[in-house]
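The file query.cif contains mmCIF, C-alpha atoms:
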```
data_coords
loop_
_atom_site.label_atom_id
_atom_site.label_comp_id
_atom_site.auth_asym_id
_atom_site.auth_seq_id
_atom_site.Cartn_x
_atom_site.Cartn_y
_atom_site.Cartn_z
CA MET W 1 -30.82 2.14 -6.05
CA ASN W 2 -31.14 2.35 -9.83
CA ASN W 3 -28.57 3.72 -12.28
CA GLN W 4 -30.38 7.01 -12.67
CA SER W 5 -30.26 7.72 -8.96
CA THR W 6 -26.59 6.72 -8.61
CA ASP W 7 -25.78 9.11 -11.47
CA ARG W 8 -27.10 11.92 -9.32
CA ILE W 9 -24.63 11.48 -6.47
CA PRO W 10 -20.83 11.57 -6.41
CA ARG W 11 -19.50 8.02 -6.97
CA TRP W 12 -16.08 6.61 -6.18
CA THR W 13 -14.70 8.19 -9.35
CA GLU W 14 -15.73 11.68 -8.24
CA TRP W 15 -14.54 10.95 -4.71
CA SER W 16 -11.14 9.77 -5.99
CA ILE W 17 -10.78 12.93 -8.05
CA SER W 18 -11.79 15.09 -5.08
CA VAL W 19 -9.23 13.37 -2.82
CA LEU W 20 -6.56 13.76 -5.51
CA ASN W 21 -7.40 17.44 -5.84
CA GLY W 22 -7.00 17.81 -2.09
CA MET W 23 -3.56 16.19 -2.20
CA VAL W 24 -2.06 17.80 -5.31
CA GLY W 25 -4.78 20.06 -6.72
CA ASP W 26 -2.45 23.05 -7.09
CA TYR W 27 -0.12 20.95 -9.27
CA LEU W 28 -3.07 19.70 -11.37
CA GLN W 29 -4.24 23.26 -11.87
CA GLU W 30 -0.75 24.47 -12.79
CA ARG W 31 -0.35 21.65 -15.35
CA GLN W 32 -3.88 22.24 -16.68
CA ASN W 33 -4.57 18.60 -15.96
CA GLY W 34 -8.06 17.36 -16.85
CA LEU W 35 -8.49 16.01 -13.31
CA ALA W 36 -8.40 19.50 -11.77
CA ILE W 37 -11.84 20.47 -10.49
CA ASN W 38 -13.25 23.81 -11.60
CA MET W 39 -15.18 25.57 -8.86
CA ALA W 40 -18.92 25.45 -9.48
CA PHE W 41 -22.22 24.93 -7.77
CA TYR W 42 -23.21 21.31 -8.27
CA GLN W 43 -26.64 19.84 -8.60
CA HIS W 44 -27.29 16.13 -9.13
CA ASN W 45 -23.56 15.51 -9.56
CA ARG W 46 -23.26 18.01 -12.41
CA PRO W 47 -21.94 21.59 -12.50
CA LEU W 48 -24.51 24.32 -12.74
CA LEU W 49 -23.68 27.03 -15.24
CA ILE W 50 -24.91 30.28 -13.75
CA THR W 51 -27.27 31.98 -16.15
CA THR W 52 -30.76 33.25 -15.43
CA ASP W 53 -32.38 30.58 -17.62
CA ASN W 54 -30.36 27.75 -16.10
CA LEU W 55 -31.16 28.89 -12.57
CA ARG W 56 -34.89 29.11 -13.39
CA GLN W 57 -34.83 25.48 -14.55
CA ALA W 58 -32.50 24.18 -11.85
CA VAL W 59 -34.33 26.01 -9.05
CA PRO W 60 -38.01 25.87 -9.97
CA ASN W 61 -39.18 27.32 -6.63
CA PRO W 62 -36.59 29.89 -5.57
CA THR W 63 -36.88 31.68 -2.26
CA ALA W 64 -35.31 34.90 -1.00
CA LYS W 65 -33.32 32.94 1.58
CA VAL W 66 -30.31 31.16 0.11
CA CYS W 67 -27.92 28.83 1.90
CA LEU W 68 -24.58 27.70 0.52
CA LEU W 69 -22.81 24.54 1.66
CA ILE W 70 -19.03 24.40 1.22
CA HIS W 71 -17.25 21.09 1.78
CA GLY W 72 -13.80 20.55 3.23
CA LEU W 73 -10.41 19.23 2.09
CA GLY W 74 -10.51 16.28 -0.31
CA CYS W 75 -14.30 16.11 -0.27
CA ASN W 76 -17.20 17.05 -2.50
CA GLU W 77 -20.85 17.84 -1.93
CA GLY W 78 -21.47 14.13 -1.25
CA ILE W 79 -20.12 14.70 2.29
CA TRP W 80 -23.42 16.37 3.24
CA ALA W 81 -25.37 13.14 2.69
CA PRO W 82 -25.67 10.76 5.68
CA ALA W 83 -22.90 8.18 5.66
CA ASP W 84 -25.05 5.45 7.18
CA ARG W 85 -25.86 3.11 4.30
CA ALA W 86 -29.05 1.94 5.96
CA GLN W 87 -30.41 5.48 5.94
CA TYR W 88 -28.55 6.61 2.85
CA ASP W 89 -30.53 9.18 0.96
CA PRO W 90 -28.52 11.35 -1.43
CA THR W 91 -31.30 13.92 -1.47
CA CYS W 92 -31.03 14.43 2.30
CA SER W 93 -28.59 17.02 3.68
CA TYR W 94 -28.50 20.13 5.85
CA GLY W 95 -29.41 22.03 2.67
CA THR W 96 -32.52 20.03 1.83
CA SER W 97 -33.56 19.98 5.50
CA LEU W 98 -33.23 23.77 5.74
CA GLN W 99 -35.22 24.02 2.51
CA HIS W 100 -37.95 21.81 3.90
CA ASP W 101 -38.05 23.26 7.42
CA LEU W 102 -37.26 26.95 6.94
CA GLY W 103 -37.67 27.68 3.24
CA TYR W 104 -34.04 28.14 2.26
CA THR W 105 -32.85 27.48 -1.30
CA PRO W 106 -29.67 25.42 -1.02
CA PHE W 107 -26.62 25.51 -3.29
CA TYR W 108 -23.72 23.08 -3.03
CA LEU W 109 -20.19 24.07 -3.95
CA ARG W 110 -17.56 21.72 -5.40
CA TYR W 111 -14.03 23.06 -5.75
CA ASN W 112 -10.36 22.17 -6.01
CA THR W 113 -9.37 21.94 -2.34
CA GLY W 114 -5.66 21.74 -3.20
CA LEU W 115 -5.58 25.38 -4.28
CA PRO W 116 -4.67 28.01 -1.68
CA VAL W 117 -7.62 28.99 0.51
CA ALA W 118 -7.25 32.60 -0.66
CA GLU W 119 -7.53 31.55 -4.31
CA ASN W 120 -10.68 29.55 -3.60
CA GLY W 121 -12.02 32.45 -1.52
CA LYS W 122 -11.59 34.88 -4.41
CA ARG W 123 -13.22 32.45 -6.85
CA LEU W 124 -16.14 31.86 -4.50
CA ALA W 125 -16.62 35.61 -4.05
CA GLY W 126 -16.88 35.99 -7.84
CA LEU W 127 -19.18 32.99 -8.17
CA LEU W 128 -21.56 34.33 -5.52
CA ASP W 129 -21.60 37.68 -7.32
CA GLU W 130 -22.68 35.86 -10.51
CA LEU W 131 -25.29 33.92 -8.56
CA SER W 132 -26.79 37.02 -6.98
CA ALA W 133 -26.90 38.73 -10.40
CA CYS W 134 -28.66 35.80 -12.13
CA TYR W 135 -30.83 34.52 -9.29
CA PRO W 136 -34.49 34.69 -10.31
CA MET W 137 -35.38 36.94 -7.37
CA ASN W 138 -33.69 39.31 -4.93
CA ILE W 139 -31.72 37.49 -2.25
CA ASP W 140 -32.71 38.84 1.17
CA GLU W 141 -30.62 36.51 3.29
CA LEU W 142 -27.54 34.43 2.67
CA THR W 143 -26.51 31.69 5.08
CA LEU W 144 -23.09 30.11 4.62
CA ILE W 145 -22.21 26.67 5.98
CA GLY W 146 -18.60 25.55 5.73
CA HIS W 147 -17.23 22.21 6.81
CA SER W 148 -13.53 22.12 7.83
CA MET W 149 -11.52 23.95 5.12
CA GLY W 150 -14.85 25.14 3.68
CA GLY W 151 -15.19 27.46 6.69
CA LEU W 152 -11.84 29.07 5.87
CA VAL W 153 -12.85 29.42 2.22
CA LEU W 154 -16.09 31.16 3.14
CA ARG W 155 -14.28 33.56 5.50
CA SER W 156 -11.76 34.31 2.77
CA ALA W 157 -14.57 34.88 0.23
CA CYS W 158 -16.29 37.32 2.61
CA HIS W 159 -12.99 39.14 3.17
CA TYR W 160 -12.30 39.58 -0.54
CA ALA W 161 -15.93 40.46 -1.30
CA LEU W 162 -15.99 43.14 1.41
CA HIS W 163 -12.55 44.69 1.19
CA HIS W 164 -11.41 44.14 -2.40
CA HIS W 165 -14.43 43.93 -4.70
CA GLN W 166 -17.32 45.49 -2.74
CA TYR W 167 -19.63 42.74 -3.97
CA GLY W 168 -23.25 43.30 -2.94
CA TRP W 169 -23.89 39.74 -1.79
CA VAL W 170 -21.66 40.07 1.25
CA LYS W 171 -24.13 42.50 2.84
CA LYS W 172 -26.78 39.79 2.64
CA VAL W 173 -24.77 37.32 4.70
CA ARG W 174 -26.64 36.95 7.95
CA ARG W 175 -25.15 33.77 9.38
CA ALA W 176 -22.02 31.73 8.89
CA PHE W 177 -21.67 28.24 10.34
CA TYR W 178 -18.22 26.72 10.73
CA LEU W 179 -18.28 22.95 11.25
CA GLY W 180 -14.92 21.73 12.52
CA THR W 181 -13.09 24.61 10.88
CA PRO W 182 -9.42 24.99 11.89
CA HIS W 183 -9.44 28.77 12.43
CA ASP W 184 -6.31 28.43 14.59
CA GLY W 185 -4.68 25.82 12.36
CA ALA W 186 -4.81 22.04 12.21
CA ASP W 187 -2.41 20.01 14.34
CA LEU W 188 -1.94 17.29 11.71
CA GLU W 189 -0.57 19.81 9.21
CA LYS W 190 1.62 21.34 11.93
CA VAL W 191 3.09 17.88 12.50
CA GLY W 192 3.48 17.43 8.74
CA HIS W 193 5.29 20.77 8.50
CA VAL W 194 7.76 19.91 11.27
CA THR W 195 8.31 16.38 9.93
CA THR W 196 9.11 17.71 6.46
CA ALA W 197 11.51 20.31 7.87
CA VAL W 198 13.32 17.68 9.97
CA LEU W 199 13.57 15.16 7.13
CA ASN W 200 14.94 17.80 4.77
CA ALA W 201 17.48 18.94 7.38
CA VAL W 202 18.98 15.45 7.80
CA PRO W 203 21.92 15.09 5.39
CA ASN W 204 20.80 11.74 4.01
CA PRO W 205 19.46 11.20 0.48
CA ILE W 206 16.66 8.86 1.62
CA THR W 207 15.28 11.13 4.34
CA ARG W 208 15.50 14.08 1.95
CA LEU W 209 13.59 12.07 -0.66
CA ILE W 210 10.86 11.26 1.87
CA GLY W 211 10.84 14.94 2.92
CA SER W 212 10.48 16.02 -0.72
CA ILE W 213 7.58 13.59 -1.23
CA LEU W 214 5.83 14.92 1.89
CA ASN W 215 6.42 18.46 0.67
CA LEU W 216 4.43 17.71 -2.49
CA ARG W 217 1.21 18.14 -0.51
CA SER W 218 -0.93 20.89 -1.90
CA ARG W 219 -0.91 24.56 -0.91
CA GLY W 220 -4.44 24.08 0.29
CA VAL W 221 -3.21 21.53 2.83
CA LYS W 222 -0.32 23.80 3.84
CA ASP W 223 -2.78 26.65 4.45
CA LEU W 224 -4.38 24.52 7.15
CA ARG W 225 -1.28 24.75 9.32
CA LEU W 226 -2.09 28.28 10.44
CA GLY W 227 -5.58 28.66 9.03
CA ASN W 228 -4.45 31.09 6.32
CA LEU W 229 -7.14 33.06 4.51
CA VAL W 230 -5.42 35.62 2.31
CA ASP W 231 -2.71 35.87 -0.36
CA ASP W 232 -0.45 37.95 1.90
CA ASP W 233 0.35 34.81 3.90
CA TRP W 234 2.23 33.48 0.86
CA SER W 235 3.60 36.54 -0.87
CA ASP W 236 6.76 37.20 1.14
CA ASP W 237 10.17 36.82 -0.37
CA PHE W 238 10.81 33.51 1.32
CA PRO W 239 13.52 31.02 0.31
CA ASP W 240 11.11 28.09 0.29
CA ASN W 241 8.21 29.41 -1.71
CA SER W 242 6.24 26.23 -1.11
CA LEU W 243 5.38 27.19 2.46
CA PRO W 244 3.25 30.01 3.82
CA ARG W 245 5.37 32.32 5.91
CA ARG W 246 3.04 34.18 8.18
CA HIS W 247 -0.56 34.37 9.24
CA LYS W 248 -2.45 37.60 8.70
CA VAL W 249 -5.32 38.09 11.11
CA VAL W 250 -8.50 38.55 9.09
CA PRO W 251 -11.43 40.09 10.99
CA TRP W 252 -14.74 38.26 11.12
CA LEU W 253 -17.48 39.64 8.89
CA PRO W 254 -18.81 42.31 11.29
CA HIS W 255 -22.52 42.35 10.42
CA ALA W 256 -23.05 38.55 10.39
CA HIS W 257 -23.59 36.01 13.16
CA HIS W 258 -20.82 33.44 13.34
CA TYR W 259 -21.34 30.00 14.83
CA LEU W 260 -18.62 27.47 15.55
CA LEU W 261 -19.68 23.82 15.77
CA VAL W 262 -17.01 21.38 16.87
CA GLY W 263 -16.82 17.70 17.77
CA THR W 264 -14.82 15.79 20.36
CA VAL W 265 -13.69 12.17 20.43
CA ALA W 266 -14.73 11.62 24.06
CA GLU W 267 -18.05 12.10 25.80
CA ASP W 268 -16.63 14.80 28.05
CA PRO W 269 -15.18 17.81 26.16
CA ARG W 270 -12.82 18.42 29.13
CA HIS W 271 -11.38 14.90 28.84
CA PRO W 272 -7.66 14.98 27.94
CA ALA W 273 -8.39 13.02 24.73
CA SER W 274 -10.98 15.61 23.69
CA ARG W 275 -8.62 18.48 24.50
CA LEU W 276 -5.72 16.88 22.67
CA LEU W 277 -7.48 15.44 19.64
CA GLY W 278 -10.66 17.49 19.34
CA ASP W 279 -12.76 15.82 16.66
CA THR W 280 -9.63 13.83 15.54
CA LEU W 281 -8.47 16.60 13.19
CA VAL W 282 -9.52 19.93 14.69
CA ARG W 283 -9.38 20.90 18.35
CA VAL W 284 -12.05 22.72 20.32
CA PRO W 285 -11.38 26.48 20.06
CA PRO W 286 -9.72 28.10 23.08
CA VAL W 287 -11.83 29.88 25.66
CA HIS W 288 -11.41 33.34 24.09
CA ARG W 289 -13.10 32.04 20.94
CA THR W 290 -16.39 31.48 22.72
CA SER W 291 -17.06 35.09 21.77
CA LEU W 292 -15.93 36.71 18.57
CA PRO W 293 -14.62 40.26 19.02
CA GLY W 294 -15.66 42.76 16.38
CA THR W 295 -18.83 40.91 15.46
CA LYS W 296 -22.49 40.96 16.41
CA ASP W 297 -21.70 38.00 18.64
CA ALA W 298 -19.07 39.79 20.70
CA HIS W 299 -20.85 39.13 23.99
CA GLN W 300 -22.54 35.80 23.46
CA SER W 301 -21.43 32.22 23.20
CA THR W 302 -21.29 31.04 19.62
CA VAL W 303 -19.53 27.73 20.09
CA LYS W 304 -21.34 24.43 20.37
CA VAL W 305 -19.45 21.25 21.20
CA PHE W 306 -20.79 17.87 20.07
CA PRO W 307 -19.32 15.04 22.15
CA ARG W 308 -18.38 11.83 20.30
CA VAL W 309 -18.90 13.40 16.89
CA HIS W 310 -15.84 13.02 14.68
CA HIS W 311 -14.64 15.46 12.07
CA LEU W 312 -16.42 14.11 8.98
CA GLU W 313 -19.58 13.31 10.90
CA LEU W 314 -20.04 17.02 11.61
CA ALA W 315 -21.19 17.41 7.98
CA HIS W 316 -24.15 15.04 8.33
CA HIS W 317 -25.16 14.72 11.97
CA THR W 318 -28.75 15.09 13.17
CA GLY W 319 -27.73 16.95 16.33
CA VAL W 320 -25.60 19.39 14.36
CA TYR W 321 -28.51 20.07 12.00
CA GLN W 322 -30.88 20.68 14.90
CA GLN W 323 -28.45 23.25 16.32
CA ILE W 324 -28.08 24.97 12.92
CA LYS W 325 -31.85 25.04 12.56
CA GLN W 326 -32.27 26.46 16.05
CA TRP W 327 -29.78 29.26 15.34
CA CYS W 328 -31.41 29.95 11.97
CA GLU W 329 -34.77 30.36 13.63
CA ILE W 330 -33.41 33.20 15.81
CA ASP W 331 -34.12 36.38 13.90
CA MET G 332 -19.71 1.23 -13.20
CA ALA G 333 -16.91 3.76 -13.04
CA ARG G 334 -17.07 6.51 -15.64
CA PHE G 335 -14.44 9.08 -16.42
CA SER G 336 -14.62 11.65 -19.19
CA ILE G 337 -11.92 11.55 -21.87
CA GLN G 338 -10.54 14.77 -20.40
CA GLN G 339 -10.18 13.10 -17.01
CA VAL G 340 -8.61 9.93 -18.46
CA ARG G 341 -6.15 12.15 -20.30
CA GLY G 342 -5.40 13.92 -17.02
CA LEU G 343 -4.92 10.60 -15.25
CA LYS G 344 -2.56 9.43 -17.97
CA ASP G 345 -0.54 12.66 -17.74
CA LEU G 346 -0.38 12.39 -13.96
CA ILE G 347 0.81 8.77 -14.02
CA GLN G 348 3.41 9.59 -16.67
CA GLU G 349 4.70 12.61 -14.73
CA THR G 350 4.77 10.63 -11.49
CA VAL G 351 6.77 7.80 -13.07
CA GLU G 352 9.21 10.31 -14.62
CA ALA G 353 9.69 12.24 -11.36
CA GLY G 354 9.86 9.02 -9.33
CA THR G 355 12.48 7.53 -11.65
CA ASN G 356 14.60 10.69 -11.49
CA ALA G 357 14.39 10.82 -7.70
CA ALA G 358 15.15 7.09 -7.30
CA GLU G 359 18.13 7.37 -9.64
CA GLN G 360 19.51 10.34 -7.76
CA VAL G 361 19.23 8.54 -4.40
CA HIS G 362 20.60 5.28 -5.86
CA GLN G 363 23.65 6.97 -7.36
CA SER G 364 24.40 9.02 -4.26
CA ILE G 365 24.23 5.93 -2.02
CA ALA G 366 26.30 3.84 -4.46
CA LYS G 367 29.02 6.52 -4.39
CA GLN G 368 29.68 6.01 -0.69
CA PRO G 369 31.47 2.59 -0.71
CA TYR G 370 33.48 3.61 -3.80
CA ALA G 371 34.64 6.76 -2.01
CA VAL G 372 36.15 4.51 0.70
CA LEU G 373 37.63 1.99 -1.73
CA LYS G 374 39.23 4.73 -3.85
CA ARG G 375 41.31 5.83 -0.85
CA ILE G 376 43.10 2.46 -0.77
CA PRO G 377 45.97 2.66 -3.26
CA LEU G 378 45.91 -0.96 -4.51
CA ILE G 379 42.14 -1.16 -4.87
CA ALA G 380 41.56 2.37 -6.21
CA PRO G 381 42.19 1.71 -9.97
CA PRO G 382 39.82 -1.29 -10.28
CA ALA G 383 37.29 0.43 -7.99
CA ARG G 384 37.19 3.42 -10.39
CA ILE G 385 36.56 1.09 -13.35
CA ILE G 386 33.82 -0.83 -11.50
CA GLU G 387 32.24 2.42 -10.36
CA ARG G 388 32.08 3.73 -13.94
CA CYS G 389 30.53 0.42 -15.13
CA GLN G 390 28.04 0.41 -12.29
CA HIS G 391 27.14 4.07 -12.95
CA ALA G 392 26.60 3.41 -16.66
CA LEU G 393 24.55 0.27 -16.02
CA THR G 394 22.36 2.01 -13.42
CA SER G 395 21.83 5.05 -15.65
CA GLY G 396 20.92 2.74 -18.54
CA ILE G 397 18.28 0.95 -16.49
CA TYR G 398 16.69 4.20 -15.32
CA GLN G 399 16.88 5.64 -18.84
CA SER G 400 15.10 2.56 -20.20
CA ILE G 401 12.29 3.10 -17.65
CA ARG G 402 11.99 6.72 -18.83
CA VAL G 403 11.88 5.65 -22.49
CA VAL G 404 9.22 2.98 -21.83
CA ASN G 405 7.24 5.57 -19.86
CA GLN G 406 7.42 8.10 -22.71
CA VAL G 407 6.50 5.54 -25.37
CA SER G 408 3.58 4.23 -23.27
CA GLY G 409 2.42 7.80 -22.73
CA SER G 410 2.54 8.58 -26.45
CA LEU G 411 0.63 5.40 -27.30
CA ALA G 412 -2.00 6.18 -24.68
CA THR G 413 -2.33 9.74 -26.04
CA LYS G 414 -2.89 8.37 -29.57
CA ALA G 415 -5.47 5.88 -28.28
CA LEU G 416 -7.30 8.69 -26.47
CA ASP G 417 -7.16 10.92 -29.57
CA HIS G 418 -8.66 8.05 -31.54
CA LEU G 419 -11.40 7.54 -28.95
CA GLU G 420 -12.17 11.24 -28.96
CA GLU G 421 -12.50 11.34 -32.77
CA LYS G 422 -14.67 8.24 -32.93
CA PRO G 423 -17.99 9.66 -31.63
CA GLU G 424 -17.74 12.66 -33.98
CA ALA G 425 -17.12 10.34 -36.95
CA SER G 426 -20.23 8.34 -36.13
CA GLY G 427 -22.23 11.58 -35.79
CA GLN G 428 -22.77 11.08 -32.05
CA PRO G 429 -20.81 13.61 -30.05
CA GLU G 430 -19.57 12.23 -26.78
CA GLN G 431 -21.38 13.54 -23.75
CA ASP G 432 -18.83 15.39 -21.68
CA HIS G 433 -18.95 14.68 -17.97
CA ARG G 434 -18.47 18.40 -17.43
CA SER G 435 -21.42 19.29 -19.61
CA LEU G 436 -23.65 21.86 -18.05
CA LEU G 437 -27.12 21.89 -16.69
CA PRO G 438 -29.91 21.79 -17.65
#
```
Write out the structure in this file as structure tokens.
Amino acid sequence: MNNQSTDRIPRWTEWSISVLNGMVGDYLQERQNGLAINMAFYQHNRPLLITTDNLRQAVPNPTAKVCLLIHGLGCNEGIWAPADRAQYDPTCSYGTSLQHDLGYTPFYLRYNTGLPVAENGKRLAGLLDELSACYPMNIDELTLIGHSMGGLVLRSACHYALHHHQYGWVKKVRRAFYLGTPHDGADLEKVGHVTTAVLNAVPNPITRLIGSILNLRSRGVKDLRLGNLVDDDWSDDFPDNSLPRRHKVVPWLPHAHHYLLVGTVAEDPRHPASRLLGDTLVRVPPVHRTSLPGTKDAHQSTVKVFPRVHHLELAHHTGVYQQIKQWCEID
Amino acid sequence: MARFSIQQVRGLKDLIQETVEAGTNAAEQVHQSIAKQPYAVLKRIPLIAPPARIIERCQHALTSGIYQSIRVVNQVSGSLATKALDHLEEKPEASGQPEQDHRSLLP
């Protein structure tokens, strides 16, 4: 691979910065640190300033169907490329495949995953409003694909766009795909929360120090404990302001189809390891989640389980893409 | 080859400096609170209490001095790094070739 092609994909420097943003991105933002990532659509490893002229040049053949890919915690848009070095092609992703197979125009988001999900949701809602205003043609259909935390961010963006800003783009959302999204919270963060509380409760300076270090994790990470989507989860008068207090139930976007794609560590999804660990980070949703009340999918199954597909693999797995494509082909 | 923009290097420098400062403060606090414990016992014994108080004060001063020296070295290193980065940032402008910012925008 030559230098020009490696410049077009996130390298270890960008990956390090993305991981750092996931860990302490809220602190970086607060300190106005140069390592804090500003939310933007990225193309060829560079941010895309949204103006009509820029979009005409960056998207020479726009279509009325747009898909947006939103990565998860500590990642960037490089997560959508296949991890297998032998088949590594930075230009290959669910976005480019949907473009090739079904005529979608893909956009890739990069953002500071350490910020609260609600904050990223509000920013994404604004960014999509700019995109729809400057896009060279009318957008007829918007498909959103979120991996892990990205699924929470897209739900939060839809919530703010619909209930707070009345942005027009939200009416164009036809499908939302959630790949390993912890809608009911992530067990690892639940463990982290309990561990921190226990360490801080022990009257010993060393355990308290370790507890304080663990508590430095970003607000984005803390939002994963309950799958928080909105500001209200943080805004209570709570003694420890560094933890979300409650979880407000946010309804699913009513006019869109919602699809949950999850992985399991074992071949059999009913295996105890699969039930306990899910895809290693996110568990398979409970039975009631196989239909989503209040949505177009209220009476049909919208969950697909992929055995032996781990959490990160969900973002670049052939089987997952085939399922997304199949659902996209249903009118 | 790894490439960071000046803005990112500056951010990395700030982050390292703030981490060292916070880490030093936290380590000093834990160190002093643990060191207090044996002195608290010794100071209850009448014969040993007077020299224990003197040794505790010496130990406290010595420990504080060491941590303070780490903070000073950290601040001086940070200032030097800031000056070096300022110099690097001015250099391309002086030569008439503005540095290409990593965050520059398409197209």
Explicit residue set for the PyMOL selection byres ((chain G and resi 369-371) around 9), as a list in words: Ile365, Ala366, Lys367, Gln368, Val372, Leu373, Lys374, Arg375, Ala380, Ala383, Arg384, Ile386 and Glu387 of chain G
Looking at G:Gly409, G:Gly354, G:Pro381, G:Gly396, which one is nearest to chain W, with distances taken over all atoms listed in the file?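 With all atoms listed in the file as the atom set, the closest residue is G:Gly354.
Residues lying within 10 Å of Asp268 in chain W, counting all atoms listed in the file and ignoring same-chain neighbours fewer than 3 positions away, are Thr264, Val265, His271, Pro272, Ala273, Ser274, Arg275, Val305, Phe306, Pro307 and Arg308 of chain W.
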Using all atoms listed in the file, which residue out of W:Leu214, W:Lys222, W:Ile206, W:Tyr108 lies closest to chain G?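 For chain G, the nearest of the given residues is W:Ile206.
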From the list G:Leu419, G:Gln363, G:Gln339, G:Glu352, which residue is nearest Ala392 in chain G when using only C-alpha atoms?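 The answer is G:Gln363, which sits nearest to Ala392 in chain G.
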For chain G, work out the contacting residues on chain W at 7 Å, counting all atoms listed in the file, and write them as a VMD selection string. chain W and resid 13 33 to 35 46 to 49 54 57 to 58 205 to 206
Could you turn the residues from that selection into a file that holds C-alpha atoms, as a compact mmCIF listing (two decimals), in the frame of the given file?
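Listed below is the output, selection_7.txt:
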```
# COMPACT_ATOMS: atom_id res chain seq x y z
CA THR W 13 -14.70 8.19 -9.35
CA ASN W 33 -4.57 18.60 -15.96
CA GLY W 34 -8.06 17.36 -16.85
CA LEU W 35 -8.49 16.01 -13.31
CA ARG W 46 -23.26 18.01 -12.41
CA PRO W 47 -21.94 21.59 -12.50
CA LEU W 48 -24.51 24.32 -12.74
CA LEU W 49 -23.68 27.03 -15.24
CA ASN W 54 -30.36 27.75 -16.10
CA GLN W 57 -34.83 25.48 -14.55
CA ALA W 58 -32.50 24.18 -11.85
CA PRO W 205 19.46 11.20 0.48
CA ILE W 206 16.66 8.86 1.62
```
If I take CA of His255 in chain W and CA of Leu179 in chain W, how far is one from the other in Å, to one decimal?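 Taking CA of His255 in chain W and CA of Leu179 in chain W, their separation equals 19.9 Å.
Distances from W:His159, W:His147, W:Arg283, W:His100 to Leu314 in chain W were compared using all atoms listed in the file, and the smallest one belongs to W:His147.
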Quick one: residues within 8 Å of Tyr135 in chain W, only C-alpha atoms, excluding same-chain residues fewer than 6 positions away - as a PDB file with C-alpha atoms, in the frame of the given file?
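For reference, part_17.pdb as written:
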```pdb
ATOM      1  CA  THR W  52     -30.760  33.250 -15.430  1.00  0.00           C
ATOM      2  CA  LEU W  55     -31.160  28.890 -12.570  1.00  0.00           C
ATOM      3  CA  ARG W  56     -34.890  29.110 -13.390  1.00  0.00           C
TER       4      ARG W  56
END
```
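Note that the spacing between CA of Glu189 in chain W and CA of Arg225 in chain W amounts to 5.0 Å.
Coordinates place CA of Ser218 in chain W at a distance of 10.8 Å from CA of Gln29 in chain W.
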Please identify all polymer residues within 7 Å of Arg217 in chain W, counting all atoms listed in the file, omitting same-chain residues fewer than 3 positions from it, and present them as a VMD selection string. chain W and resid 23 to 24 214 221
Could you state which residues are captured by the PyMOL selection byres ((chain W and resi 21) around 7) in this file, as JSON, numbers by chain? {"W": [17, 18, 19, 20, 22, 23, 24, 25, 36, 74, 112, 113, 114]}
Between W:Val309, W:Ala186, W:Leu253, W:Leu127, single out the one closest to Leu276 in chain W, counting only C-alpha atoms. W:Ala186
Could you give me, as an mmCIF file with C-alpha atoms, keeping the file's coordinate frame, the residues within 12 Å of Ala64 in chain W, counting only C-alpha atoms and dropping anything in the same chain fewer than 3 positions from it?
```cif
data_model
loop_
_atom_site.group_PDB
_atom_site.id
_atom_site.type_symbol
_atom_site.label_atom_id
_atom_site.label_comp_id
_atom_site.auth_asym_id
_atom_site.auth_seq_id
_atom_site.Cartn_x
_atom_site.Cartn_y
_atom_site.Cartn_z
ATOM 1 C CA ASN W 61 -39.180 27.320 -6.630
ATOM 2 C CA CYS W 67 -27.920 28.830 1.900
ATOM 3 C CA GLN W 99 -35.220 24.020 2.510
ATOM 4 C CA LEU W 102 -37.260 26.950 6.940
ATOM 5 C CA GLY W 103 -37.670 27.680 3.240
ATOM 6 C CA TYR W 104 -34.040 28.140 2.260
ATOM 7 C CA THR W 105 -32.850 27.480 -1.300
ATOM 8 C CA PRO W 106 -29.670 25.420 -1.020
ATOM 9 C CA SER W 132 -26.790 37.020 -6.980
ATOM 10 C CA TYR W 135 -30.830 34.520 -9.290
ATOM 11 C CA PRO W 136 -34.490 34.690 -10.310
ATOM 12 C CA MET W 137 -35.380 36.940 -7.370
ATOM 13 C CA ASN W 138 -33.690 39.310 -4.930
ATOM 14 C CA ILE W 139 -31.720 37.490 -2.250
ATOM 15 C CA ASP W 140 -32.710 38.840 1.170
ATOM 16 C CA GLU W 141 -30.620 36.510 3.290
ATOM 17 C CA LEU W 142 -27.540 34.430 2.670
ATOM 18 C CA THR W 143 -26.510 31.690 5.080
ATOM 19 C CA LYS W 172 -26.780 39.790 2.640
#
```
